[in-house]
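Heads up: the structure comes next, in structure tokens.
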Amino acid sequence: MPTLDALMATLKQDLPTLFERDIAYDIYTDDIVFQDPVNTFKGKFNYRIIFWTLRFHGRLFFTELCFDLHDVLPQDGCILATWTVRGTLRLPWKPRLLFNGTSTYKLRDGLIYEHIDTWDRKPSEIWRQFWQKGN
């Protein structure tokens, strides 16, 4: 059973490269629940598919895509990660994607059983960035 420090160390290692390579799944329960402003999934198989899809679409649709991890901290029996996603879409007008978020990881028996993402803006505001000319 991983310690809280080990869980946080794994997240600090995995998250910055999640668009480039797979993450470690041994820190999650088999019935992990993932929720963000547009999706809800349950189960480790579906959780793996989420990260595969992020990498696939990242490579397909972006010339640059980064997950900037700002902090990973324990908070009220959970782990809280703060981050920014930024990138450049593979379109002639080179639109830029940028939004900030938090990931709350809830713990049970030394493993993560729930991962909830919140974003600093509505999904429609994020999608709108796809149509704006980049810098």
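Identifiers for the structure tokens are assigned positionally: chains receive A, B, ... in sequence, residues are indexed from 1 per chain, and ligands are indexed from 1 in the order shown.
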
Select from segment 75-126 of chain A every residue with an atom at most 12 Å from any atom of segment 45-58 of chain A, then for each give the shortest pair of atoms and their distance in Å to one decimal, using only C-alpha atoms, rows by chain and rising number, as a Markdown table.
```
| residue | atom | partner | partner_atom | distance |
| --- | --- | --- | --- | --- |
| A:Val85 | CA | A:Gly58 | CA | 11.2 |
| A:Arg86 | CA | A:Gly58 | CA | 11.0 |
| A:Gly87 | CA | A:Gly58 | CA | 9.0 |
| A:Thr88 | CA | A:Gly58 | CA | 9.9 |
| A:Leu89 | CA | A:Gly58 | CA | 9.0 |
| A:Arg90 | CA | A:Gly58 | CA | 9.8 |
| A:Leu97 | CA | A:Gly58 | CA | 11.5 |
| A:Ile112 | CA | A:Tyr47 | CA | 11.9 |
| A:Tyr113 | CA | A:Tyr47 | CA | 11.1 |
| A:Glu114 | CA | A:Tyr47 | CA | 10.5 |
| A:His115 | CA | A:Tyr47 | CA | 9.7 |
```

Backbone-only DSSP, strand (DSSP E or B) members of chain A, as an mmCIF file with N, CA and C atoms, in the first residue's frame:
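The file below, states31.cif, is the result:
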```
data_model
loop_
_atom_site.group_PDB
_atom_site.id
_atom_site.type_symbol
_atom_site.label_atom_id
_atom_site.label_comp_id
_atom_site.auth_asym_id
_atom_site.auth_seq_id
_atom_site.Cartn_x
_atom_site.Cartn_y
_atom_site.Cartn_z
ATOM 1 N N TYR A 28 -4.261 3.584 -8.216
ATOM 2 C CA TYR A 28 -5.698 3.786 -8.328
ATOM 3 C C TYR A 28 -6.449 2.489 -8.024
ATOM 4 N N THR A 29 -7.648 2.617 -7.451
ATOM 5 C CA THR A 29 -8.489 1.444 -7.212
ATOM 6 C C THR A 29 -9.062 0.955 -8.541
ATOM 7 N N ASP A 30 -9.513 -0.284 -8.562
ATOM 8 C CA ASP A 30 -10.128 -0.838 -9.777
ATOM 9 C C ASP A 30 -11.417 -0.111 -10.140
ATOM 10 N N ASP A 31 -12.092 0.460 -9.125
ATOM 11 C CA ASP A 31 -13.367 1.146 -9.376
ATOM 12 C C ASP A 31 -13.210 2.675 -9.377
ATOM 13 N N ILE A 32 -12.020 3.146 -9.757
ATOM 14 C CA ILE A 32 -11.741 4.592 -9.809
ATOM 15 C C ILE A 32 -12.851 5.317 -10.569
ATOM 16 N N VAL A 33 -13.266 6.463 -10.050
ATOM 17 C CA VAL A 33 -14.246 7.321 -10.709
ATOM 18 C C VAL A 33 -13.522 8.586 -11.160
ATOM 19 N N PHE A 34 -13.704 8.946 -12.425
ATOM 20 C CA PHE A 34 -13.145 10.177 -12.975
ATOM 21 C C PHE A 34 -14.293 11.081 -13.383
ATOM 22 N N GLN A 35 -14.156 12.366 -13.030
ATOM 23 C CA GLN A 35 -15.172 13.336 -13.431
ATOM 24 C C GLN A 35 -14.486 14.646 -13.771
ATOM 25 N N THR A 40 -17.834 11.771 -17.170
ATOM 26 C CA THR A 40 -17.769 10.967 -15.953
ATOM 27 C C THR A 40 -17.558 9.529 -16.384
ATOM 28 N N PHE A 41 -16.531 8.872 -15.822
ATOM 29 C CA PHE A 41 -16.228 7.482 -16.133
ATOM 30 C C PHE A 41 -15.954 6.735 -14.851
ATOM 31 N N LYS A 42 -16.193 5.427 -14.880
ATOM 32 C CA LYS A 42 -15.897 4.585 -13.717
ATOM 33 C C LYS A 42 -15.115 3.365 -14.176
ATOM 34 N N PHE A 62 -2.653 18.783 -32.095
ATOM 35 C CA PHE A 62 -1.833 19.871 -31.572
ATOM 36 C C PHE A 62 -0.394 19.766 -32.066
ATOM 37 N N THR A 63 0.208 20.915 -32.361
ATOM 38 C CA THR A 63 1.645 20.939 -32.649
ATOM 39 C C THR A 63 2.424 21.044 -31.350
ATOM 40 N N GLU A 64 1.802 21.573 -30.323
ATOM 41 C CA GLU A 64 2.384 21.671 -28.987
ATOM 42 C C GLU A 64 1.251 21.496 -27.990
ATOM 43 N N LEU A 65 1.474 20.691 -26.952
ATOM 44 C CA LEU A 65 0.476 20.503 -25.907
ATOM 45 C C LEU A 65 1.199 20.177 -24.614
ATOM 46 N N CYS A 66 0.985 21.005 -23.608
ATOM 47 C CA CYS A 66 1.709 20.857 -22.346
ATOM 48 C C CYS A 66 0.752 20.824 -21.161
ATOM 49 N N PHE A 67 1.122 20.058 -20.168
ATOM 50 C CA PHE A 67 0.429 20.003 -18.890
ATOM 51 C C PHE A 67 1.416 20.529 -17.858
ATOM 52 N N ASP A 68 1.245 21.787 -17.473
ATOM 53 C CA ASP A 68 2.139 22.415 -16.510
ATOM 54 C C ASP A 68 1.606 22.172 -15.103
ATOM 55 N N LEU A 69 2.296 21.342 -14.358
ATOM 56 C CA LEU A 69 1.896 21.032 -12.991
ATOM 57 C C LEU A 69 2.480 22.087 -12.064
ATOM 58 N N HIS A 70 1.610 22.747 -11.297
ATOM 59 C CA HIS A 70 2.062 23.804 -10.393
ATOM 60 C C HIS A 70 2.336 23.278 -8.990
ATOM 61 N N ASP A 71 1.443 22.427 -8.486
ATOM 62 C CA ASP A 71 1.603 21.944 -7.125
ATOM 63 C C ASP A 71 0.817 20.658 -6.907
ATOM 64 N N VAL A 72 1.296 19.853 -5.996
ATOM 65 C CA VAL A 72 0.601 18.646 -5.537
ATOM 66 C C VAL A 72 0.708 18.672 -4.015
ATOM 67 N N LEU A 73 -0.442 18.826 -3.351
ATOM 68 C CA LEU A 73 -0.449 19.008 -1.904
ATOM 69 C C LEU A 73 -1.507 18.140 -1.236
ATOM 70 N N PRO A 74 -1.240 17.672 -0.014
ATOM 71 C CA PRO A 74 -2.290 16.995 0.747
ATOM 72 C C PRO A 74 -3.294 18.037 1.240
ATOM 73 N N GLN A 75 -4.582 17.668 1.216
ATOM 74 C CA GLN A 75 -5.608 18.596 1.682
ATOM 75 C C GLN A 75 -6.823 17.826 2.162
ATOM 76 N N CYS A 78 -7.325 14.298 1.125
ATOM 77 C CA CYS A 78 -7.256 14.167 -0.338
ATOM 78 C C CYS A 78 -5.882 14.654 -0.791
ATOM 79 N N ILE A 79 -5.675 14.594 -2.087
ATOM 80 C CA ILE A 79 -4.515 15.218 -2.713
ATOM 81 C C ILE A 79 -5.057 16.210 -3.730
ATOM 82 N N LEU A 80 -4.529 17.420 -3.702
ATOM 83 C CA LEU A 80 -4.966 18.469 -4.626
ATOM 84 C C LEU A 80 -3.804 18.850 -5.528
ATOM 85 N N ALA A 81 -4.032 18.771 -6.838
ATOM 86 C CA ALA A 81 -3.035 19.180 -7.828
ATOM 87 C C ALA A 81 -3.581 20.392 -8.574
ATOM 88 N N THR A 82 -2.736 21.395 -8.764
ATOM 89 C CA THR A 82 -3.109 22.562 -9.564
ATOM 90 C C THR A 82 -2.246 22.567 -10.820
ATOM 91 N N TRP A 83 -2.845 22.963 -11.950
ATOM 92 C CA TRP A 83 -2.165 22.819 -13.233
ATOM 93 C C TRP A 83 -2.716 23.782 -14.279
ATOM 94 N N THR A 84 -1.990 23.859 -15.382
ATOM 95 C CA THR A 84 -2.407 24.610 -16.566
ATOM 96 C C THR A 84 -2.200 23.721 -17.790
ATOM 97 N N VAL A 85 -3.185 23.698 -18.672
ATOM 98 C CA VAL A 85 -3.037 23.048 -19.972
ATOM 99 C C VAL A 85 -2.878 24.171 -20.998
ATOM 100 N N ARG A 86 -1.856 24.032 -21.843
ATOM 101 C CA ARG A 86 -1.633 25.030 -22.893
ATOM 102 C C ARG A 86 -1.144 24.323 -24.148
ATOM 103 N N GLY A 87 -1.521 24.859 -25.277
ATOM 104 C CA GLY A 87 -1.087 24.241 -26.519
ATOM 105 C C GLY A 87 -1.420 25.082 -27.726
ATOM 106 N N THR A 88 -0.959 24.583 -28.878
ATOM 107 C CA THR A 88 -1.228 25.214 -30.167
ATOM 108 C C THR A 88 -1.862 24.164 -31.064
ATOM 109 N N LEU A 89 -3.041 24.494 -31.565
ATOM 110 C CA LEU A 89 -3.752 23.563 -32.434
ATOM 111 C C LEU A 89 -3.130 23.520 -33.822
ATOM 112 N N ARG A 96 -4.472 29.065 -29.954
ATOM 113 C CA ARG A 96 -3.834 28.658 -28.703
ATOM 114 C C ARG A 96 -4.903 28.196 -27.715
ATOM 115 N N LEU A 97 -4.606 27.125 -27.038
ATOM 116 C CA LEU A 97 -5.465 26.596 -25.981
ATOM 117 C C LEU A 97 -4.804 26.922 -24.652
ATOM 118 N N LEU A 98 -5.580 27.429 -23.700
ATOM 119 C CA LEU A 98 -5.050 27.724 -22.381
ATOM 120 C C LEU A 98 -6.178 27.690 -21.367
ATOM 121 N N PHE A 99 -6.025 26.858 -20.342
ATOM 122 C CA PHE A 99 -6.940 26.889 -19.208
ATOM 123 C C PHE A 99 -6.253 26.288 -17.995
ATOM 124 N N ASN A 100 -6.712 26.716 -16.826
ATOM 125 C CA ASN A 100 -6.175 26.248 -15.558
ATOM 126 C C ASN A 100 -7.173 25.306 -14.908
ATOM 127 N N GLY A 101 -6.663 24.446 -14.053
ATOM 128 C CA GLY A 101 -7.558 23.531 -13.375
ATOM 129 C C GLY A 101 -6.973 22.980 -12.094
ATOM 130 N N THR A 102 -7.830 22.233 -11.418
ATOM 131 C CA THR A 102 -7.416 21.498 -10.228
ATOM 132 C C THR A 102 -7.887 20.059 -10.364
ATOM 133 N N SER A 103 -7.105 19.171 -9.831
ATOM 134 C CA SER A 103 -7.486 17.764 -9.736
ATOM 135 C C SER A 103 -7.523 17.407 -8.264
ATOM 136 N N THR A 104 -8.663 16.906 -7.818
ATOM 137 C CA THR A 104 -8.808 16.433 -6.453
ATOM 138 C C THR A 104 -8.834 14.914 -6.488
ATOM 139 N N TYR A 105 -7.898 14.302 -5.774
ATOM 140 C CA TYR A 105 -7.781 12.848 -5.701
ATOM 141 C C TYR A 105 -8.213 12.406 -4.312
ATOM 142 N N LYS A 106 -9.299 11.640 -4.242
ATOM 143 C CA LYS A 106 -9.783 11.144 -2.956
ATOM 144 C C LYS A 106 -9.188 9.764 -2.686
ATOM 145 N N LEU A 107 -8.873 9.526 -1.416
ATOM 146 C CA LEU A 107 -8.144 8.320 -1.034
ATOM 147 C C LEU A 107 -9.002 7.355 -0.223
ATOM 148 N N ARG A 108 -8.760 6.065 -0.469
ATOM 149 C CA ARG A 108 -9.396 4.990 0.295
ATOM 150 C C ARG A 108 -8.389 3.854 0.404
ATOM 151 N N LEU A 111 -5.147 4.109 -1.631
ATOM 152 C CA LEU A 111 -5.206 4.240 -3.088
ATOM 153 C C LEU A 111 -6.173 5.363 -3.468
ATOM 154 N N ILE A 112 -6.054 5.842 -4.681
ATOM 155 C CA ILE A 112 -6.954 6.881 -5.187
ATOM 156 C C ILE A 112 -8.193 6.211 -5.763
ATOM 157 N N TYR A 113 -9.369 6.589 -5.245
ATOM 158 C CA TYR A 113 -10.631 6.004 -5.733
ATOM 159 C C TYR A 113 -11.485 6.998 -6.499
ATOM 160 N N GLU A 114 -11.114 8.281 -6.453
ATOM 161 C CA GLU A 114 -11.897 9.288 -7.173
ATOM 162 C C GLU A 114 -10.967 10.406 -7.613
ATOM 163 N N HIS A 115 -11.123 10.837 -8.866
ATOM 164 C CA HIS A 115 -10.325 11.914 -9.463
ATOM 165 C C HIS A 115 -11.323 12.889 -10.069
ATOM 166 N N ILE A 116 -11.398 14.090 -9.483
ATOM 167 C CA ILE A 116 -12.342 15.102 -9.950
ATOM 168 C C ILE A 116 -11.557 16.314 -10.434
ATOM 169 N N ASP A 117 -11.751 16.668 -11.700
ATOM 170 C CA ASP A 117 -11.112 17.852 -12.282
ATOM 171 C C ASP A 117 -12.102 18.999 -12.342
ATOM 172 N N THR A 118 -11.618 20.185 -12.011
ATOM 173 C CA THR A 118 -12.384 21.411 -12.223
ATOM 174 C C THR A 118 -11.543 22.325 -13.089
ATOM 175 N N TRP A 119 -12.209 23.143 -13.892
ATOM 176 C CA TRP A 119 -11.536 24.050 -14.812
ATOM 177 C C TRP A 119 -11.876 25.484 -14.436
#
```

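One finds atom CA of Val38 of chain A at 19.6 Å from atom CA of Trp131 of chain A.
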
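If you measure from each of A:Pro37, A:Pro92, A:Gly77, A:Gly110 to Ala6 of chain A using only C-alpha atoms, the closest one turns out to be A:Gly110.
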